[in-house]
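What follows is the content of coords.cif (mmCIF, C-alpha atoms; chains and numbers go by the auth columns).
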```
data_target
#
loop_
_atom_site.group_PDB
_atom_site.id
_atom_site.type_symbol
_atom_site.label_atom_id
_atom_site.label_comp_id
_atom_site.label_asym_id
_atom_site.label_seq_id
_atom_site.Cartn_x
_atom_site.Cartn_y
_atom_site.Cartn_z
_atom_site.B_iso_or_equiv
_atom_site.auth_seq_id
_atom_site.auth_asym_id
ATOM 1 C CA MET A 1 -93.388 -8.762 17.285 0.00 1 A
ATOM 2 C CA THR A 2 -94.624 -8.036 13.786 0.00 2 A
ATOM 3 C CA THR A 3 -95.310 -4.472 12.731 0.00 3 A
ATOM 4 C CA THR A 4 -96.871 -4.126 9.349 0.00 4 A
ATOM 5 C CA GLY A 5 -99.585 -1.806 8.203 0.00 5 A
ATOM 6 C CA MET A 6 -101.439 -0.369 5.312 0.00 6 A
ATOM 7 C CA THR A 7 -101.840 3.319 4.670 0.00 7 A
ATOM 8 C CA SER A 8 -103.935 5.140 2.185 0.00 8 A
ATOM 9 C CA PRO A 9 -102.477 7.998 0.131 0.00 9 A
ATOM 10 C CA ALA A 10 -104.626 10.486 2.052 0.00 10 A
ATOM 11 C CA THR A 11 -102.917 9.629 5.342 0.00 11 A
ATOM 12 C CA ASN A 12 -99.497 10.516 3.925 0.00 12 A
ATOM 13 C CA THR A 13 -100.454 14.097 3.099 0.00 13 A
ATOM 14 C CA ALA A 14 -100.102 16.930 5.589 0.00 14 A
ATOM 15 C CA PRO A 15 -103.208 19.080 6.064 0.00 15 A
ATOM 16 C CA GLY A 16 -103.018 22.272 4.041 0.00 16 A
ATOM 17 C CA SER A 17 -100.285 20.923 1.772 0.00 17 A
ATOM 18 C CA GLY A 18 -102.263 21.743 -1.367 0.00 18 A
ATOM 19 C CA SER A 19 -102.682 18.084 -2.283 0.00 19 A
ATOM 20 C CA SER A 20 -105.172 17.158 -4.994 0.00 20 A
ATOM 21 C CA ASP A 21 -106.809 14.630 -2.630 0.00 21 A
ATOM 22 C CA ALA A 22 -108.369 17.375 -0.484 0.00 22 A
ATOM 23 C CA GLY A 23 -111.823 15.844 -1.007 0.00 23 A
ATOM 24 C CA VAL A 24 -110.627 12.561 0.486 0.00 24 A
ATOM 25 C CA ARG A 25 -109.318 14.337 3.591 0.00 25 A
ATOM 26 C CA SER A 26 -112.674 15.934 4.381 0.00 26 A
ATOM 27 C CA ALA A 27 -113.802 12.760 6.170 0.00 27 A
ATOM 28 C CA LYS A 28 -112.863 12.612 9.840 0.00 28 A
ATOM 29 C CA GLN A 29 -109.913 10.333 10.582 0.00 29 A
ATOM 30 C CA LEU A 30 -110.999 7.473 12.845 0.00 30 A
ATOM 31 C CA LEU A 31 -107.900 5.508 13.863 0.00 31 A
ATOM 32 C CA HIS A 32 -108.160 1.773 14.542 0.00 32 A
ATOM 33 C CA LEU A 33 -105.502 -0.587 15.920 0.00 33 A
ATOM 34 C CA VAL A 34 -105.446 -4.248 14.887 0.00 34 A
ATOM 35 C CA PHE A 35 -103.522 -6.659 17.107 0.00 35 A
ATOM 36 C CA GLY A 36 -103.674 -10.211 18.366 0.00 36 A
ATOM 37 C CA GLY A 37 -101.969 -12.991 20.183 0.00 37 A
ATOM 38 C CA GLU A 38 -102.332 -16.359 21.799 0.00 38 A
ATOM 39 C CA LEU A 39 -104.775 -16.517 24.710 0.00 39 A
ATOM 40 C CA LYS A 40 -104.194 -18.371 27.984 0.00 40 A
ATOM 41 C CA ALA A 41 -107.733 -19.769 27.883 0.00 41 A
ATOM 42 C CA LEU A 42 -110.626 -19.625 25.446 0.00 42 A
ATOM 43 C CA ASP A 43 -112.984 -18.122 28.028 0.00 43 A
ATOM 44 C CA SER A 44 -110.858 -15.023 28.754 0.00 44 A
ATOM 45 C CA VAL A 45 -109.007 -12.234 27.006 0.00 45 A
ATOM 46 C CA GLU A 46 -105.688 -12.753 28.754 0.00 46 A
ATOM 47 C CA PHE A 47 -102.675 -13.317 26.520 0.00 47 A
ATOM 48 C CA SER A 48 -100.171 -16.072 27.226 0.00 48 A
ATOM 49 C CA ASP A 49 -97.181 -13.892 26.197 0.00 49 A
ATOM 50 C CA VAL A 50 -97.678 -10.125 25.941 0.00 50 A
ATOM 51 C CA ALA A 51 -94.190 -9.715 24.455 0.00 51 A
ATOM 52 C CA ALA A 52 -95.246 -11.914 21.513 0.00 52 A
ATOM 53 C CA LEU A 53 -98.347 -9.894 20.568 0.00 53 A
ATOM 54 C CA ASP A 54 -98.747 -9.374 16.842 0.00 54 A
ATOM 55 C CA ILE A 55 -99.286 -5.662 16.170 0.00 55 A
ATOM 56 C CA VAL A 56 -100.807 -5.791 12.694 0.00 56 A
ATOM 57 C CA GLY A 57 -101.081 -2.024 12.276 0.00 57 A
ATOM 58 C CA ILE A 58 -102.973 1.222 12.721 0.00 58 A
ATOM 59 C CA TYR A 59 -105.556 2.096 10.081 0.00 59 A
ATOM 60 C CA PRO A 60 -107.356 5.351 9.205 0.00 60 A
ATOM 61 C CA ASN A 61 -110.846 3.827 9.111 0.00 61 A
ATOM 62 C CA TYR A 62 -112.801 0.787 10.209 0.00 62 A
ATOM 63 C CA ALA A 63 -113.070 -0.734 6.722 0.00 63 A
ATOM 64 C CA GLU A 64 -109.280 -1.023 6.329 0.00 64 A
ATOM 65 C CA ALA A 65 -108.897 -2.229 9.923 0.00 65 A
ATOM 66 C CA HIS A 66 -111.556 -4.885 9.408 0.00 66 A
ATOM 67 C CA ALA A 67 -109.830 -6.129 6.241 0.00 67 A
ATOM 68 C CA ALA A 68 -106.507 -6.379 8.127 0.00 68 A
ATOM 69 C CA TRP A 69 -108.194 -8.113 11.080 0.00 69 A
ATOM 70 C CA LYS A 70 -109.855 -10.630 8.780 0.00 70 A
ATOM 71 C CA ALA A 71 -106.584 -11.412 6.981 0.00 71 A
ATOM 72 C CA ALA A 72 -104.697 -11.880 10.270 0.00 72 A
ATOM 73 C CA ALA A 73 -107.445 -14.062 11.742 0.00 73 A
ATOM 74 C CA GLN A 74 -107.571 -16.233 8.629 0.00 74 A
ATOM 75 C CA ARG A 75 -103.777 -16.720 8.716 0.00 75 A
ATOM 76 C CA THR A 76 -104.083 -18.237 12.200 0.00 76 A
ATOM 77 C CA VAL A 77 -107.351 -20.154 11.789 0.00 77 A
ATOM 78 C CA ASP A 78 -105.647 -23.456 12.684 0.00 78 A
ATOM 79 C CA ASN A 79 -104.718 -22.183 16.167 0.00 79 A
ATOM 80 C CA ALA A 80 -107.886 -21.964 18.284 0.00 80 A
ATOM 81 C CA MET A 81 -106.018 -19.989 20.965 0.00 81 A
ATOM 82 C CA MET A 82 -105.121 -17.100 18.626 0.00 82 A
ATOM 83 C CA ARG A 83 -107.400 -14.056 18.663 0.00 83 A
ATOM 84 C CA TYR A 84 -107.201 -10.745 16.825 0.00 84 A
ATOM 85 C CA PHE A 85 -108.952 -7.548 17.867 0.00 85 A
ATOM 86 C CA VAL A 86 -109.852 -4.165 16.400 0.00 86 A
ATOM 87 C CA VAL A 87 -109.452 -1.312 18.901 0.00 87 A
ATOM 88 C CA HIS A 88 -111.300 1.924 18.141 0.00 88 A
ATOM 89 C CA MET A 89 -108.444 4.268 19.046 0.00 89 A
ATOM 90 C CA HIS A 90 -110.468 7.342 18.108 0.00 90 A
ATOM 91 C CA ARG A 91 -112.808 6.534 21.023 0.00 91 A
ATOM 92 C CA LEU A 92 -109.852 6.480 23.411 0.00 92 A
ATOM 93 C CA LEU A 93 -108.326 9.662 21.993 0.00 93 A
ATOM 94 C CA GLU A 94 -111.577 11.667 22.096 0.00 94 A
ATOM 95 C CA PRO A 95 -113.689 10.210 24.925 0.00 95 A
ATOM 96 C CA GLU A 96 -115.645 13.463 25.410 0.00 96 A
ATOM 97 C CA GLU A 97 -117.045 13.070 21.886 0.00 97 A
ATOM 98 C CA GLN A 98 -118.238 9.549 22.707 0.00 98 A
ATOM 99 C CA ASN A 99 -119.841 10.761 25.945 0.00 99 A
ATOM 100 C CA ALA A 100 -121.685 13.524 24.057 0.00 100 A
ATOM 101 C CA LYS A 101 -123.077 10.963 21.572 0.00 101 A
ATOM 102 C CA ALA A 102 -124.216 8.703 24.412 0.00 102 A
ATOM 103 C CA SER A 103 -126.009 11.588 26.165 0.00 103 A
ATOM 104 C CA SER A 104 -127.980 12.725 23.125 0.00 104 A
#
```
Just give me the structure of the file as structure tokens.
Amino acid sequence: MTTTGMTSPATNTAPGSGSSDAGVRSAKQLLHLVFGGELKALDSVEFSDVAALDIVGIYPNYAEAHAAWKAAAQRTVDNAMMRYFVVHMHRLLEPEEQNAKASS
């Protein structure tokens, strides 16, 4: 399993640490997971070997996650059975916020 990831300087700073990047931290952190693996069949999302999943990384926003997803997908373009996904972790971590948006 591969575990690589990109972080921005803002994600390495503890809140309230007096960092000069306070303006960058004002945006809400929306975590995204990028992972992929070889599928059993093209018409399903069932992996042939869960132990061999490629965990690309966790990213603080969709833009960075999308860039990582695109790079991983392009690396495996010759294997039609390989698929990479972006999971919106922030939706899983705060489902009540998503339900409130859907209701309004």
Result set, the PyMOL selection byres ((chain A and resi 33) around 10) on current file, as a PDB file with C-alpha atoms, in the frame of the given file:
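Saved file part-v7.pdb follows:
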```
ATOM      1  CA  GLY A   5     -99.585  -1.806   8.203  1.00  0.00           C
ATOM      2  CA  LEU A  31    -107.900   5.508  13.863  1.00  0.00           C
ATOM      3  CA  HIS A  32    -108.160   1.773  14.542  1.00  0.00           C
ATOM      4  CA  VAL A  34    -105.446  -4.248  14.887  1.00  0.00           C
ATOM      5  CA  PHE A  35    -103.522  -6.659  17.107  1.00  0.00           C
ATOM      6  CA  ILE A  55     -99.286  -5.662  16.170  1.00  0.00           C
ATOM      7  CA  VAL A  56    -100.807  -5.791  12.694  1.00  0.00           C
ATOM      8  CA  GLY A  57    -101.081  -2.024  12.276  1.00  0.00           C
ATOM      9  CA  ILE A  58    -102.973   1.222  12.721  1.00  0.00           C
ATOM     10  CA  TYR A  59    -105.556   2.096  10.081  1.00  0.00           C
ATOM     11  CA  PRO A  60    -107.356   5.351   9.205  1.00  0.00           C
ATOM     12  CA  ASN A  61    -110.846   3.827   9.111  1.00  0.00           C
ATOM     13  CA  TYR A  62    -112.801   0.787  10.209  1.00  0.00           C
ATOM     14  CA  ALA A  65    -108.897  -2.229   9.923  1.00  0.00           C
ATOM     15  CA  HIS A  66    -111.556  -4.885   9.408  1.00  0.00           C
ATOM     16  CA  ALA A  68    -106.507  -6.379   8.127  1.00  0.00           C
ATOM     17  CA  TRP A  69    -108.194  -8.113  11.080  1.00  0.00           C
ATOM     18  CA  PHE A  85    -108.952  -7.548  17.867  1.00  0.00           C
ATOM     19  CA  VAL A  86    -109.852  -4.165  16.400  1.00  0.00           C
ATOM     20  CA  VAL A  87    -109.452  -1.312  18.901  1.00  0.00           C
ATOM     21  CA  HIS A  88    -111.300   1.924  18.141  1.00  0.00           C
ATOM     22  CA  MET A  89    -108.444   4.268  19.046  1.00  0.00           C
ATOM     23  CA  HIS A  90    -110.468   7.342  18.108  1.00  0.00           C
TER      24      HIS A  90
END
```
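CA of Leu42 (chain A) lies 18.0 Å from CA of Ala72 (chain A).
The spacing separating CA of Ala73 (chain A) from CA of Asp43 (chain A) amounts to 17.7 Å.
Matched in the shown structure by the PyMOL selection byres ((chain A and resi 38) around 7): Gly37, Leu39, Lys40, Phe47, Ser48, Met81, Met82 and Arg83 of chain A.
CA of Gly36 (chain A) sits 9.7 Å away from CA of Val50 (chain A).
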